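Data block for final-v2.txt (compact mmCIF, C-alpha atoms and all ligand atoms):
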# COMPACT_ATOMS: atom_id res chain seq x y z
CA MET A 8 -13.47 -10.84 11.76
CA LYS A 9 -11.57 -7.60 11.15
CA ARG A 10 -13.14 -5.11 8.77
CA ILE A 11 -11.10 -3.28 6.15
CA VAL A 12 -11.79 -0.38 3.79
CA ILE A 13 -9.62 -0.08 0.67
CA LEU A 14 -8.91 3.30 -0.95
CA ILE A 15 -7.97 3.49 -4.64
CA SER A 16 -7.51 6.07 -7.38
CA GLY A 17 -6.88 3.91 -10.44
CA ARG A 18 -6.74 0.41 -11.87
CA GLY A 19 -6.77 -1.26 -8.46
CA SER A 20 -4.60 -4.29 -9.15
CA ASN A 21 -3.37 -4.37 -5.56
CA MET A 22 -6.95 -4.08 -4.36
CA GLN A 23 -7.86 -7.00 -6.61
CA ALA A 24 -5.00 -9.09 -5.23
CA ILE A 25 -6.29 -8.45 -1.71
CA LEU A 26 -9.89 -9.24 -2.66
CA GLU A 27 -8.91 -12.47 -4.40
CA ALA A 28 -6.58 -13.67 -1.65
CA LYS A 29 -9.51 -14.94 0.44
CA LEU A 30 -8.15 -13.29 3.57
CA PRO A 31 -9.81 -13.64 6.97
CA VAL A 32 -11.17 -10.09 6.72
CA GLN A 33 -14.45 -8.49 5.79
CA VAL A 34 -13.93 -5.93 3.03
CA ALA A 35 -16.52 -3.38 4.08
CA ALA A 36 -16.02 -1.08 1.08
CA VAL A 37 -13.74 0.13 -1.68
CA ILE A 38 -13.64 3.93 -1.90
CA ALA A 39 -12.20 5.94 -4.81
CA ASN A 40 -11.57 9.65 -5.18
CA LYS A 41 -12.12 9.34 -8.95
CA GLU A 42 -15.31 8.01 -10.42
CA ASP A 43 -13.45 6.55 -13.41
CA ALA A 44 -11.08 4.51 -11.23
CA GLY A 45 -10.96 1.16 -13.00
CA GLY A 46 -10.81 -0.76 -9.74
CA LEU A 47 -14.37 0.26 -8.85
CA GLN A 48 -15.82 -2.05 -11.48
CA THR A 49 -13.56 -4.88 -10.40
CA ALA A 50 -14.67 -4.48 -6.79
CA ALA A 51 -18.34 -4.29 -7.72
CA SER A 52 -18.03 -7.41 -9.89
CA LEU A 53 -16.65 -9.22 -6.85
CA GLY A 54 -19.65 -8.15 -4.79
CA ILE A 55 -17.89 -5.47 -2.73
CA ALA A 56 -19.65 -2.21 -1.83
CA THR A 57 -18.11 0.80 -3.57
CA ALA A 58 -18.27 4.55 -3.03
CA VAL A 59 -16.79 7.59 -4.75
CA LEU A 60 -15.82 10.83 -3.05
CA SER A 61 -14.25 13.25 -5.50
CA HIS A 62 -11.73 15.71 -4.09
CA LYS A 63 -12.70 18.22 -6.77
CA GLY A 64 -14.51 21.30 -5.56
CA TYR A 65 -13.26 21.10 -1.99
CA PRO A 66 -11.82 24.38 -0.67
CA SER A 67 -8.94 22.65 1.13
CA ARG A 68 -7.19 19.32 1.62
CA GLU A 69 -8.39 19.28 5.22
CA ALA A 70 -12.03 19.73 4.20
CA PHE A 71 -11.86 16.82 1.77
CA ASP A 72 -10.00 14.62 4.24
CA ALA A 73 -12.61 15.33 6.93
CA ASP A 74 -15.42 14.16 4.64
CA LEU A 75 -13.36 11.19 3.52
CA ALA A 76 -12.78 10.17 7.15
CA ARG A 77 -16.52 10.43 7.82
CA LEU A 78 -17.23 8.19 4.84
CA ILE A 79 -14.56 5.67 5.82
CA ASP A 80 -15.70 5.59 9.44
CA SER A 81 -19.29 4.93 8.39
CA TYR A 82 -18.02 1.45 7.44
CA GLN A 83 -16.35 1.03 10.86
CA PRO A 84 -13.08 -0.44 9.60
CA ASP A 85 -10.34 -1.83 11.80
CA LEU A 86 -7.83 -1.15 9.02
CA VAL A 87 -7.66 1.34 6.13
CA VAL A 88 -5.70 -0.01 3.15
CA LEU A 89 -4.29 2.52 0.66
CA ALA A 90 -3.89 0.76 -2.68
CA GLY A 91 -2.73 3.28 -5.24
CA PHE A 92 -4.63 6.11 -3.53
CA MET A 93 -2.94 9.09 -5.15
CA ARG A 94 -3.53 11.77 -2.55
CA ILE A 95 -1.26 13.52 -0.10
CA LEU A 96 -2.99 13.09 3.24
CA SER A 97 -3.37 15.81 5.85
CA GLU A 98 -1.75 15.28 9.23
CA GLY A 99 -5.07 15.15 11.09
CA PHE A 100 -6.36 12.43 8.77
CA VAL A 101 -3.22 10.35 9.20
CA ARG A 102 -3.24 10.72 12.99
CA HIS A 103 -6.89 9.65 13.11
CA TYR A 104 -5.83 6.29 11.62
CA GLU A 105 -2.55 5.90 13.50
CA ASN A 106 -1.40 2.26 13.43
CA ARG A 107 -4.53 1.29 11.48
CA MET A 108 -3.74 2.58 8.00
CA ILE A 109 -1.23 0.93 5.66
CA ASN A 110 0.17 1.74 2.22
CA ILE A 111 2.14 -0.01 -0.49
CA HIS A 112 4.93 1.91 -2.15
CA PRO A 113 6.82 0.75 -5.25
CA SER A 114 10.37 1.09 -3.91
CA LEU A 115 12.58 -0.19 -1.16
CA LEU A 116 11.85 2.56 1.33
CA PRO A 117 13.32 4.83 2.49
CA ALA A 118 14.82 5.03 -1.02
CA PHE A 119 12.74 6.65 -3.75
CA THR A 120 9.82 8.14 -1.90
CA GLY A 121 7.31 9.96 -4.10
CA LEU A 122 6.57 9.35 -7.77
CA SER A 123 8.39 7.76 -10.74
CA THR A 124 10.20 5.31 -8.49
CA HIS A 125 11.11 2.81 -11.21
CA ALA A 126 12.54 5.41 -13.59
CA ARG A 127 14.56 6.92 -10.76
CA ALA A 128 15.87 3.51 -9.67
CA ILE A 129 17.13 2.89 -13.23
CA GLN A 130 18.53 6.40 -13.44
CA GLU A 131 20.44 5.95 -10.17
CA GLY A 132 21.86 2.61 -11.31
CA VAL A 133 20.75 0.61 -8.28
CA LYS A 134 21.05 -3.16 -8.72
CA VAL A 135 18.09 -4.10 -6.54
CA HIS A 136 14.70 -2.46 -6.27
CA GLY A 137 11.33 -3.53 -4.93
CA CYS A 138 8.31 -2.56 -2.90
CA SER A 139 7.38 -1.86 0.70
CA VAL A 140 4.24 -2.13 2.82
CA HIS A 141 4.27 0.33 5.70
CA PHE A 142 2.07 1.93 8.32
CA VAL A 143 1.20 5.47 7.28
CA THR A 144 2.63 8.40 9.23
CA PRO A 145 2.35 12.10 8.41
CA GLU A 146 5.62 12.20 6.46
CA LEU A 147 4.96 11.02 2.89
CA ASP A 148 6.06 7.43 2.21
CA HIS A 149 7.62 7.03 5.62
CA GLY A 150 6.34 5.07 8.57
CA PRO A 151 7.14 1.69 10.11
CA ILE A 152 7.84 -0.90 7.41
CA ILE A 153 5.89 -4.16 7.67
CA CYS A 154 7.51 -6.05 4.81
CA GLN A 155 9.48 -5.54 1.64
CA ALA A 156 10.15 -7.55 -1.51
CA VAL A 157 13.33 -7.20 -3.53
CA VAL A 158 13.81 -7.67 -7.26
CA PRO A 159 16.96 -7.41 -9.37
CA VAL A 160 17.37 -4.49 -11.75
CA LEU A 161 18.55 -5.93 -15.06
CA ASP A 162 20.82 -4.24 -17.57
CA ASP A 163 18.15 -3.89 -20.22
CA ASP A 164 15.33 -2.90 -17.87
CA THR A 165 12.98 -0.10 -18.83
CA GLU A 166 10.55 1.62 -16.51
CA ASP A 167 7.89 -0.70 -17.91
CA THR A 168 9.72 -4.00 -17.42
CA LEU A 169 10.94 -3.05 -13.96
CA SER A 170 7.52 -1.88 -12.78
CA LYS A 171 5.96 -5.14 -13.97
CA ARG A 172 8.53 -7.17 -12.03
CA VAL A 173 7.86 -5.12 -8.90
CA LEU A 174 4.08 -5.31 -9.33
CA VAL A 175 4.17 -9.11 -9.17
CA CYS A 176 5.79 -8.74 -5.75
CA GLU A 177 3.31 -6.08 -4.65
CA HIS A 178 0.50 -8.52 -5.27
CA GLN A 179 2.25 -11.05 -3.02
CA ILE A 180 3.26 -8.90 -0.09
CA TYR A 181 0.20 -6.65 0.25
CA PRO A 182 -2.30 -9.47 0.89
CA GLN A 183 0.26 -11.03 3.22
CA ALA A 184 0.56 -7.83 5.27
CA VAL A 185 -3.23 -7.44 5.50
CA ARG A 186 -3.51 -11.03 6.69
CA TRP A 187 -0.87 -10.45 9.36
CA PHE A 188 -2.82 -7.43 10.59
CA ALA A 189 -6.05 -9.44 10.58
CA GLU A 190 -4.38 -12.19 12.59
CA GLY A 191 -3.14 -9.68 15.15
CA ARG A 192 0.49 -10.52 14.44
CA LEU A 193 1.86 -7.00 13.91
CA SER A 194 3.28 -4.87 16.69
CA VAL A 195 4.86 -1.47 16.19
CA GLU A 196 7.83 -0.52 18.37
CA GLY A 197 9.07 2.91 17.39
CA ASN A 198 9.97 2.68 13.72
CA ARG A 199 10.12 -1.12 13.68
CA VAL A 200 7.32 -3.55 13.06
CA ARG A 201 7.56 -7.02 14.53
CA VAL A 202 5.70 -9.88 12.87
CA ALA A 203 4.83 -12.70 15.23
CA ASN A 204 5.56 -16.23 14.02
CA HIS A 205 6.76 -15.42 10.54
CA ALA A 206 8.52 -18.08 8.49
CA ASP A 207 12.27 -18.41 8.55
CA ILE A 208 14.02 -16.34 5.92
CA GLN A 209 15.20 -18.79 3.25
CA ALA A 210 17.54 -16.63 1.20
CA HIS A 211 20.66 -15.54 2.99
CA SER A 212 21.49 -12.86 0.48
CA LEU A 213 20.57 -11.54 -2.92
CA ILE A 214 23.63 -10.50 -4.89
CA VAL A 215 22.98 -8.69 -8.17
CA PRO A 216 24.62 -9.25 -10.60
CA ARG A 217 26.25 -12.55 -9.74
CA ASP A 218 29.45 -14.00 -11.09
C1 LIG B 301 1.21 0.54 -7.27
O1 LIG B 301 2.45 0.48 -7.92
C2 LIG B 301 1.41 0.95 -5.83
O2 LIG B 301 2.61 0.49 -5.29
C3 LIG B 301 1.42 2.44 -5.93
O3 LIG B 301 0.48 2.76 -6.92
C4 LIG B 301 0.33 1.64 -7.79
C5 LIG B 301 -1.11 1.29 -7.78
O4 LIG B 301 -1.41 0.27 -8.68
N1 LIG B 301 1.14 3.03 -4.64
P1 LIG B 301 -2.80 -0.48 -8.61
O5 LIG B 301 -3.88 0.61 -8.71
O6 LIG B 301 -2.87 -1.21 -7.32
O7 LIG B 301 -2.83 -1.38 -9.80
Could you render the structure as structure tokens?
Amino acid sequence: MKRIVILISGRGSNMQAILEAKLPVQVAAVIANKEDAGGLQTAASLGIATAVLSHKGYPSREAFDADLARLIDSYQPDLVVLAGFMRILSEGFVRHYENRMINIHPSLLPAFTGLSTHARAIQEGVKVHGCSVHFVTPELDHGPIICQAVVPVLDDDTEDTLSKRVLVCEHQIYPQAVRWFAEGRLSVEGNRVRVANHADIQAHSLIVPRD
């Protein structure tokens, strides 16, 4: 069975969705860079090993990332899962986990990389928004996209209502992507990810708003 390590910085709802999805993986550890990350307690209550490595006090990003990689590798994971891990990663760290580190981002990439994605989607007036799971490459919030989920943006949406709608989708697609990895169904060809034997796409189109 494939081993995964999950990295978090906060509440860890995506981590929880993965832990509760009963995937064919062994979750070797959940690691946080903040000792008050709420997800640590959730993981521990589900019987998962946890560890904290604070980035504070490190002289450089590279020095922290080197120690973080040592900690991660001590669990010998096949896949590193970033689930709300709020750190910019150094190039060496990312290359070390090439094609074996994934992230979830709350937008339809490549739109709205970075922070405050929901507020910016509303500000820009887009009619659809969503989330993306992608392999991590050195450029922030880029990298081959494994899957995306789309939600409508409604006229009266606030950042709060829109983020909640997107989060429901995050909790669906992130466990799905981890399972595909575990089942060996993902192959990366350039910037495209192929998923072997996925279900037929039901919806032909999503038109927002509709007449
Ligand atoms: C999620 O919106 C995720 O897409 C983003 O950070 C948030 C983390 O939430 N990368 P949680 O800690 O998984 O609840």
Within 9 Å of ligand LIG 301 (chain B) (only C-alpha atoms and all ligand atoms), residues as a CSV table (one decimal) with C-alpha atoms, in the coordinates of the input:
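Contents of selection-v1.csv, as written:
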chain,number,residue,atom,x,y,z
A,15,ILE,CA,-8.0,3.5,-4.6
A,16,SER,CA,-7.5,6.1,-7.4
A,17,GLY,CA,-6.9,3.9,-10.4
A,18,ARG,CA,-6.7,0.4,-11.9
A,19,GLY,CA,-6.8,-1.3,-8.5
A,20,SER,CA,-4.6,-4.3,-9.2
A,21,ASN,CA,-3.4,-4.4,-5.6
A,22,MET,CA,-7.0,-4.1,-4.4
A,23,GLN,CA,-7.9,-7.0,-6.6
A,24,ALA,CA,-5.0,-9.1,-5.2
A,44,ALA,CA,-11.1,4.5,-11.2
A,45,GLY,CA,-11.0,1.2,-13.0
A,46,GLY,CA,-10.8,-0.8,-9.7
A,89,LEU,CA,-4.3,2.5,0.7
A,90,ALA,CA,-3.9,0.8,-2.7
A,91,GLY,CA,-2.7,3.3,-5.2
A,92,PHE,CA,-4.6,6.1,-3.5
A,93,MET,CA,-2.9,9.1,-5.2
A,110,ASN,CA,0.2,1.7,2.2
A,111,ILE,CA,2.1,0.0,-0.5
A,112,HIS,CA,4.9,1.9,-2.2
A,113,PRO,CA,6.8,0.8,-5.2
A,114,SER,CA,10.4,1.1,-3.9
A,122,LEU,CA,6.6,9.4,-7.8
A,138,CYS,CA,8.3,-2.6,-2.9
A,139,SER,CA,7.4,-1.9,0.7
A,140,VAL,CA,4.2,-2.1,2.8
A,170,SER,CA,7.5,-1.9,-12.8
A,171,LYS,CA,6.0,-5.1,-14.0
A,173,VAL,CA,7.9,-5.1,-8.9
A,174,LEU,CA,4.1,-5.3,-9.3
A,177,GLU,CA,3.3,-6.1,-4.6
A,178,HIS,CA,0.5,-8.5,-5.3
Non-local contacts of Ser194 (chain A) (10 Å; all atoms listed in the file; under 6 positions in same chain excluded) as a list in words: Asn106, Ile153, Phe188, Val200, Arg201, Val202 and Ala203 of chain A
Polymer residues at most 8 Å from region 72-76 of chain A, all atoms listed in the file, same-chain spacing of 2 or more positions, as a PyMOL selection string: chain A and resi 60+68-70+78-80+96-97+100
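Pairwise distance (CA of Val101 (chain A), CA of Ile55 (chain A)) equals 24.7 Å.
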Long-range neighbours of Val37 (chain A) as a list in words, 9 Å cut-off, only C-alpha atoms, 2 positions minimum in chain: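 In the requested format, the answer is Ile11, Val12, Ile13, Leu14, Ile15, Met22, Val34, Ala35, Ala39, Gly46, Leu47, Ala50, Ala51, Ile55, Ala56, Thr57, Ala58 and Val59 of chain A.
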For Pro216 (chain A), the nearest of the candidates A:Pro159, A:Gly121, A:Gly137, A:Gly54, counting all atoms listed in the file: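 Ranked by minimum distance to Pro216 (chain A), first place goes to A:Pro159.
From CA of Ile152 (chain A) back to CA of Met108 (chain A), the distance works out to 12.1 Å.
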Coordinates-based distance that separates CA of Tyr104 (chain A) from CA of Val157 (chain A) (Å, one decimal):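 Interatomic distance here is 27.9 Å.
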